Structure formats: structure tokens, C-alpha cells
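Student: The file below is protein37.cif, mmCIF, C-alpha atoms:
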data_coords
loop_
_atom_site.label_atom_id
_atom_site.label_comp_id
_atom_site.auth_asym_id
_atom_site.auth_seq_id
_atom_site.Cartn_x
_atom_site.Cartn_y
_atom_site.Cartn_z
CA MET A 181 19.71 -23.84 59.75
CA GLU A 182 17.49 -21.80 57.44
CA LYS A 183 19.79 -18.79 57.85
CA VAL A 184 22.83 -20.87 56.92
CA ARG A 185 21.16 -22.11 53.74
CA GLY A 186 20.36 -18.50 52.87
CA TRP A 187 24.04 -17.77 52.26
CA TYR A 188 24.06 -20.44 49.54
CA THR A 189 21.25 -18.80 47.56
CA THR A 190 21.87 -16.33 44.74
CA VAL A 191 20.80 -13.48 47.00
CA GLY A 192 23.12 -14.67 49.77
CA ARG A 193 26.06 -14.94 47.40
CA LYS A 194 25.36 -11.45 46.08
CA VAL A 195 25.37 -10.09 49.63
CA ILE A 196 28.76 -11.74 50.25
CA MET A 197 30.06 -10.40 46.96
CA GLY A 198 28.80 -6.90 47.78
CA LEU A 199 30.23 -6.79 51.31
CA THR A 200 33.62 -8.16 50.30
CA GLY A 201 33.71 -5.84 47.30
CA LEU A 202 33.15 -2.74 49.42
CA LEU A 203 35.80 -3.85 51.93
CA LEU A 204 38.26 -4.44 49.09
CA ILE A 205 37.52 -0.96 47.73
CA GLY A 206 38.35 0.41 51.18
CA TYR A 207 41.66 -1.42 51.02
CA LEU A 208 42.36 -0.01 47.54
CA ILE A 209 41.91 3.52 48.87
CA ILE A 210 44.49 2.90 51.61
CA HIS A 211 46.82 1.08 49.21
CA LEU A 212 46.69 3.91 46.68
CA ALA A 213 47.41 6.53 49.35
CA ALA A 214 50.54 4.58 50.28
CA ASN A 215 51.61 4.06 46.66
CA LEU A 216 51.34 7.76 45.90
CA MET A 217 54.20 8.32 48.34
CA VAL A 218 56.41 7.43 45.38
CA PHE A 219 55.70 10.96 44.12
CA ILE A 220 57.12 12.59 47.25
CA PRO A 221 60.55 13.96 46.22
CA ASP A 222 62.47 12.56 49.18
CA GLY A 223 64.29 9.67 47.51
CA GLY A 224 61.81 7.10 48.77
CA ARG A 225 62.15 7.97 52.46
CA SER A 226 58.38 8.28 53.09
CA LEU A 227 57.45 5.09 51.24
CA ASN A 228 60.21 3.06 52.89
CA LEU A 229 59.34 4.33 56.37
CA TYR A 230 55.68 3.49 55.78
CA SER A 231 56.59 -0.02 54.60
CA HIS A 232 58.94 -0.49 57.56
CA THR A 233 56.26 0.62 60.01
CA LEU A 234 53.83 -1.94 58.58
CA HIS A 235 56.36 -4.74 58.92
CA GLN A 236 56.98 -3.74 62.52
CA LEU A 237 53.41 -4.88 63.24
CA GLY A 238 54.63 -8.48 62.99
CA PRO A 239 51.78 -10.98 63.57
CA LEU A 240 49.15 -8.25 63.11
CA LEU A 241 50.34 -7.67 59.55
CA PHE A 242 50.19 -11.42 58.88
CA ILE A 243 46.61 -11.56 60.22
CA ALA A 244 45.65 -8.53 58.10
CA ARG A 245 47.02 -10.24 54.99
CA ILE A 246 45.08 -13.42 55.78
CA ILE A 247 41.88 -11.42 56.17
CA LEU A 248 42.57 -9.55 52.93
CA ALA A 249 43.23 -12.81 51.07
CA ALA A 250 40.01 -14.29 52.50
CA LEU A 251 38.00 -11.28 51.32
CA PHE A 252 39.53 -11.62 47.86
CA ILE A 253 38.79 -15.36 47.68
CA PHE A 254 35.21 -15.02 48.96
CA HIS A 255 34.60 -12.21 46.45
CA ILE A 256 35.93 -14.31 43.57
CA VAL A 257 34.08 -17.49 44.52
CA SER A 258 30.80 -15.63 45.02
CA GLY A 259 31.24 -13.78 41.74
CA ILE A 260 31.91 -16.97 39.79
CA TRP A 261 28.95 -18.72 41.46
CA VAL A 262 26.53 -15.87 40.67
CA THR A 263 27.78 -15.56 37.07
CA MET A 264 27.39 -19.29 36.39
CA LYS A 265 23.96 -19.31 38.06
CA ASN A 266 22.79 -16.40 35.94
CA ARG A 267 24.04 -18.00 32.73
CA ARG A 268 22.34 -21.30 33.52
CA GLY A 269 19.11 -19.46 34.21
CA ARG A 270 19.23 -17.49 30.97
CA THR A 271 17.01 -19.15 28.40
CA SER A 272 18.27 -17.14 25.45
CA ARG A 273 20.96 -14.63 24.70
CA TYR A 274 20.11 -11.08 23.81
CA ALA A 275 20.37 -10.35 20.11
CA ARG A 276 21.35 -6.78 20.86
CA TYR A 277 22.58 -4.98 23.97
CA ALA A 278 21.41 -1.53 24.90
CA SER A 279 22.38 0.66 27.80
CA LYS A 280 19.54 0.83 30.29
CA GLY A 281 18.73 3.32 32.98
CA GLY A 282 16.75 2.74 36.10
CA PRO A 283 17.45 -0.24 38.37
CA SER A 284 19.17 -2.41 35.75
CA LYS A 285 22.01 -0.05 34.70
CA MET A 286 23.03 -2.37 31.88
CA THR A 287 26.26 -0.83 30.60
CA PRO A 288 29.48 -2.10 29.02
CA ALA A 289 30.98 -2.14 32.53
CA SER A 290 28.21 -4.43 33.81
CA ARG A 291 28.44 -6.80 30.83
CA TRP A 292 32.23 -7.02 31.21
CA MET A 293 32.22 -7.75 34.95
CA ALA A 294 33.20 -11.41 34.53
CA ILE A 295 35.99 -10.55 32.06
CA THR A 296 37.42 -7.68 34.09
CA GLY A 297 37.17 -9.85 37.19
CA LEU A 298 39.19 -12.63 35.55
CA ILE A 299 41.84 -10.13 34.41
CA LEU A 300 42.17 -8.83 37.96
CA LEU A 301 42.27 -12.41 39.27
CA VAL A 302 45.39 -13.03 37.17
CA PHE A 303 46.89 -9.60 37.90
CA VAL A 304 46.68 -9.56 41.72
CA PRO A 305 48.87 -12.65 42.40
CA LEU A 306 51.44 -11.37 39.89
CA HIS A 307 51.40 -7.96 41.58
CA VAL A 308 51.89 -9.51 45.03
CA ASN A 309 54.69 -11.73 43.74
CA MET A 310 56.43 -8.76 42.11
CA PHE A 311 56.35 -6.25 44.96
CA THR A 312 55.55 -8.05 48.22
CA LEU A 313 57.62 -11.16 47.51
CA GLY A 314 60.04 -9.53 45.08
CA PRO A 315 63.77 -8.87 45.49
CA TYR A 316 64.88 -7.52 48.86
CA TYR A 317 66.90 -4.32 48.57
CA GLU A 318 68.12 -2.76 51.79
CA THR A 319 68.54 0.85 52.75
CA VAL A 320 69.31 2.71 55.99
CA ILE A 321 67.17 5.59 57.25
CA ASP A 322 68.08 7.39 60.47
CA GLY A 323 70.45 4.56 61.33
CA GLN A 324 67.72 1.93 60.90
CA PRO A 325 68.20 -0.75 58.21
CA MET A 326 65.01 -1.53 56.29
CA ARG A 327 63.72 -2.75 52.97
CA ASP A 328 64.17 -0.34 50.06
CA LEU A 329 60.72 -0.80 48.57
CA TYR A 330 61.05 2.49 46.70
CA ARG A 331 63.98 1.19 44.67
CA LEU A 332 62.08 -1.99 43.79
CA VAL A 333 59.00 -0.04 42.65
CA VAL A 334 61.01 2.37 40.51
CA GLU A 335 63.13 -0.41 38.97
CA LYS A 336 60.06 -2.44 38.02
CA PHE A 337 58.21 0.53 36.54
CA LYS A 338 61.28 1.40 34.48
CA GLU A 339 60.63 -1.84 32.59
CA PRO A 340 58.26 -0.88 29.74
CA ASP A 341 56.39 -4.21 29.70
CA VAL A 342 55.69 -3.94 33.44
CA ALA A 343 54.76 -0.25 33.41
CA PHE A 344 52.41 -0.31 30.44
CA THR A 345 50.81 -3.66 31.27
CA TYR A 346 50.16 -2.41 34.81
CA ALA A 347 48.61 0.79 33.42
CA ALA A 348 46.44 -1.15 30.95
CA VAL A 349 45.07 -3.40 33.70
CA MET A 350 44.02 -0.28 35.60
CA LEU A 351 41.58 0.51 32.78
CA PHE A 352 39.88 -2.82 33.43
CA LEU A 353 39.94 -2.05 37.16
CA CYS A 354 38.09 1.19 36.43
CA LEU A 355 35.36 -0.69 34.54
CA HIS A 356 35.07 -3.30 37.29
CA LEU A 357 34.79 -0.75 40.08
CA SER A 358 32.42 1.59 38.24
CA HIS A 359 29.73 -1.10 38.14
CA GLY A 360 30.81 -3.03 41.22
CA PHE A 361 30.45 -0.15 43.69
CA TRP A 362 26.87 0.61 42.67
CA SER A 363 25.97 -3.07 42.34
CA ALA A 364 27.27 -3.82 45.85
CA PHE A 365 24.80 -1.42 47.43
CA GLN A 366 22.01 -2.84 45.30
CA SER A 367 22.89 -6.36 46.47
CA LEU A 368 22.76 -5.14 50.07
CA GLY A 369 19.22 -3.89 49.56
CA ALA A 370 19.83 -0.20 48.87
CA ASN A 371 17.27 0.00 46.08
CA ASN A 372 15.92 3.43 46.98
CA ARG A 373 15.40 5.30 43.71
CA ARG A 374 16.30 8.55 45.43
CA TRP A 375 19.78 7.37 46.53
CA MET A 376 20.77 5.00 43.76
CA PRO A 377 21.53 7.69 41.12
CA PHE A 378 23.85 9.37 43.64
CA LEU A 379 25.56 6.06 44.51
CA TYR A 380 25.95 5.22 40.83
CA THR A 381 27.52 8.60 40.03
CA PHE A 382 29.73 8.48 43.14
CA GLY A 383 30.86 4.98 42.18
CA VAL A 384 31.89 6.11 38.71
CA ILE A 385 33.83 9.08 40.12
CA LEU A 386 35.48 6.90 42.77
CA SER A 387 36.48 4.27 40.22
CA VAL A 388 38.02 6.89 37.94
CA LEU A 389 39.99 8.43 40.82
CA LEU A 390 41.21 5.07 42.16
CA ALA A 391 42.09 3.49 38.83
CA GLY A 392 43.45 6.83 37.60
CA GLY A 393 45.80 7.05 40.56
CA PHE A 394 47.10 3.54 39.97
CA PHE A 395 47.31 4.27 36.22
CA VAL A 396 49.43 7.41 36.64
CA LEU A 397 51.84 5.71 39.05
CA PRO A 398 53.71 3.47 36.55
CA ILE A 399 53.47 5.95 33.68
CA TYR A 400 54.88 8.87 35.67
CA THR A 401 57.56 6.67 37.21
CA TYR A 402 58.61 5.31 33.80
CA PHE A 403 59.05 8.76 32.25
CA PHE A 404 59.99 11.09 35.09
CA ILE A 405 61.42 9.35 38.18
CA PRO A 406 65.14 8.50 37.89
CA LEU A 407 66.53 5.21 39.09
CA PRO A 408 67.84 5.49 42.68
#
Represent the supplied structure as C-alpha cells.

Tutor:
Amino acid sequence: MEKVRGWYTTVGRKVIMGLTGLLLIGYLIIHLAANLMVFIPDGGRSLNLYSHTLHQLGPLLFIARIILAALFIFHIVSGIWVTMKNRRGRTSRYARYASKGGPSKMTPASRWMAITGLILLVFVPLHVNMFTLGPYYETVIDGQPMRDLYRLVVEKFKEPDVAFTYAAVMLFLCLHLSHGFWSAFQSLGANNRRWMPFLYTFGVILSVLLAGGFFVLPIYTYFFIPLP
């Protein structure tokens, strides 16, 4: 019973937030690799075949989506709980912020975690609704009818409000990931002063690469990929 109560403490919630955050980062890496297939000059063949293969998994894909949604929800709930707990425990606000080194790593990215998190909370359902639940276009590849996801992606990113809003949100994703990656390991107990500078630097590089990849996708599509 004591172990169960431990998950409801601030430390327990931070562990949940850290674990779910790292798993979601792993998903983002896979998701970006798939999205970058838009750049392959084959008229969308690679992206559509990848999407079709996923949908052939049937119930396994449904289970994977449920797990992904659960990770997202647990991450959000834990983040909100920790943020509210910290604010209630703060006796006074700082008159001035300063970037700190060492274990604290107080940076603009860390101070904006709640804001960037809320922006992503609004963005993700809209993104899912637009591309996963969006219009169904059909194409035929090697005699096999399948969804033309490539056409949907290109059409949406040809809309300036969609393309540039998507790109702007990726800047907030970069901020969120740059602090979140390092903070996740700290929450999991990786406080070794020898490793933490490496993890912090790696997290910043990873966040720039991930968010940068998602940022380039709509911008490049808007300016350079013709409508199918």
C-alpha cells in the first residue's frame, strides 16, 4: 500500500512524467522518420505504402494508439499536478529570473514548460483530427487500393494558415523537449554530475533535430512540393 501511495507524491508524479515523456520522444522519432518520406520524390508512393502497412496491422494498430493516448494523458495529468503543486508550495515569486547552471538548469525553456505544454495539448488533437481522421483520398499502388495520405498532407500544407501555424508550434515543441529530455532523466534519479551535462547537451541537440525536422516539413511542402 505504501508503494501505491508513492505514485501520488510529487516525486512519484515526476517519475511518471519522466517515463511517459521519454516514451513519447521515442514515438516522435519514429513519427518524424515516417513524415520525412514526403521528401522522397516518388509521388507519395513510400509514404502511402508505409501508411497502408500500418493499417494492415488491424487490432495491433488500435492497441498501439490506445497506449500512445494513455502515455499522452498520463504525461499531461502528471505535468499539471506537479505544476500546481509547485505553485502552491511557492511562498513568493521571484523578482528576477536568471539562467542557472548546475542541477537547477533554470532557463527560458524550463520556465515555459507549462505554457509550451498547453500549446502542444491543443495542437495534438487538432493534428490527429486533420491527418488521421481527415478526408479519405484513395490511390492504387501495384494494383492495391489504399489511402492517399500523401495527397492529404500536401493539400493541407499548401494552406498557408496550416503550414505556418504548424511550423510555429514546432518552435514551442523545441523548447518543451530541450528541457523535458534532461528533466526526465533527473526525475528518474540520474543526478550524476558527470553525466548530466552530456544529457543536457544531447537533449538540446535532439530537440533541435526533432522540432527542426517537423518545422521544415510544412515549409518545404508549401514552397516546393506541387499538388498531386

Student: Please enumerate the residues selected by the PyMOL selection byres ((chain A and resi 317) around 8) when evaluated against the supplied file, formatted as a ChimeraX atom specification.

Tutor: /A:315-316,318-319,327-329,331-332

Student: Taking the file above as input, evaluate the PyMOL selection byres ((chain A and resi 347) around 9) and report the hits as a ChimeraX atom specification.

Tutor: /A:342-346,348-351,391-392,394-399

Student: Which residues match the PyMOL selection byres ((chain A and resi 217) around 12) in the file above, as a PyMOL selection string?

Tutor: chain A and resi 210-216+218-231+329-330+333-334+393-394+397+401

Student: Using all atoms listed in the file, which of the listed residues (A:Gly369, A:Gly198, A:Gly259, A:Pro408) sits closest to Met293 in chain A?

Tutor: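 The shortest atom-to-atom distance to Met293 in chain A comes from A:Gly259.
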
Student: I'd like to know which of A:Leu234, A:Leu208, A:Met310, A:Val195 is closest to Leu368 in chain A, using only C-alpha atoms.

Tutor: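 Of A:Leu234, A:Leu208, A:Met310, A:Val195, the one nearest Leu368 in chain A, counting only C-alpha atoms, is A:Val195.
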
Student: Kindly give the distance, in Å, that separates CA of Arg268 in chain A and CA of His359 in chain A, rounded to a single decimal.

Tutor: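 CA of Arg268 in chain A sits 22.0 Å away from CA of His359 in chain A.
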
Student: As an exercise, work out the distance from CA of Asn371 in chain A to CA of Gly383 in chain A in Å and give it to one decimal place.

Tutor: 15.0 Å

Student: What does the structure give for the distance between CA of Leu199 in chain A and CA of Phe361 in chain A, in Å to one decimal?

Tutor: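 Answer for the CA of Leu199 in chain A to CA of Phe361 in chain A separation: 10.1 Å.
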
Student: Given the choices A:Lys338, A:Ser367, A:Ser387, A:His235, which gets closest to Tyr402 in chain A if the distance is worked out from only C-alpha atoms?

Tutor: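 Closest to Tyr402 in chain A, using only C-alpha atoms: A:Lys338.
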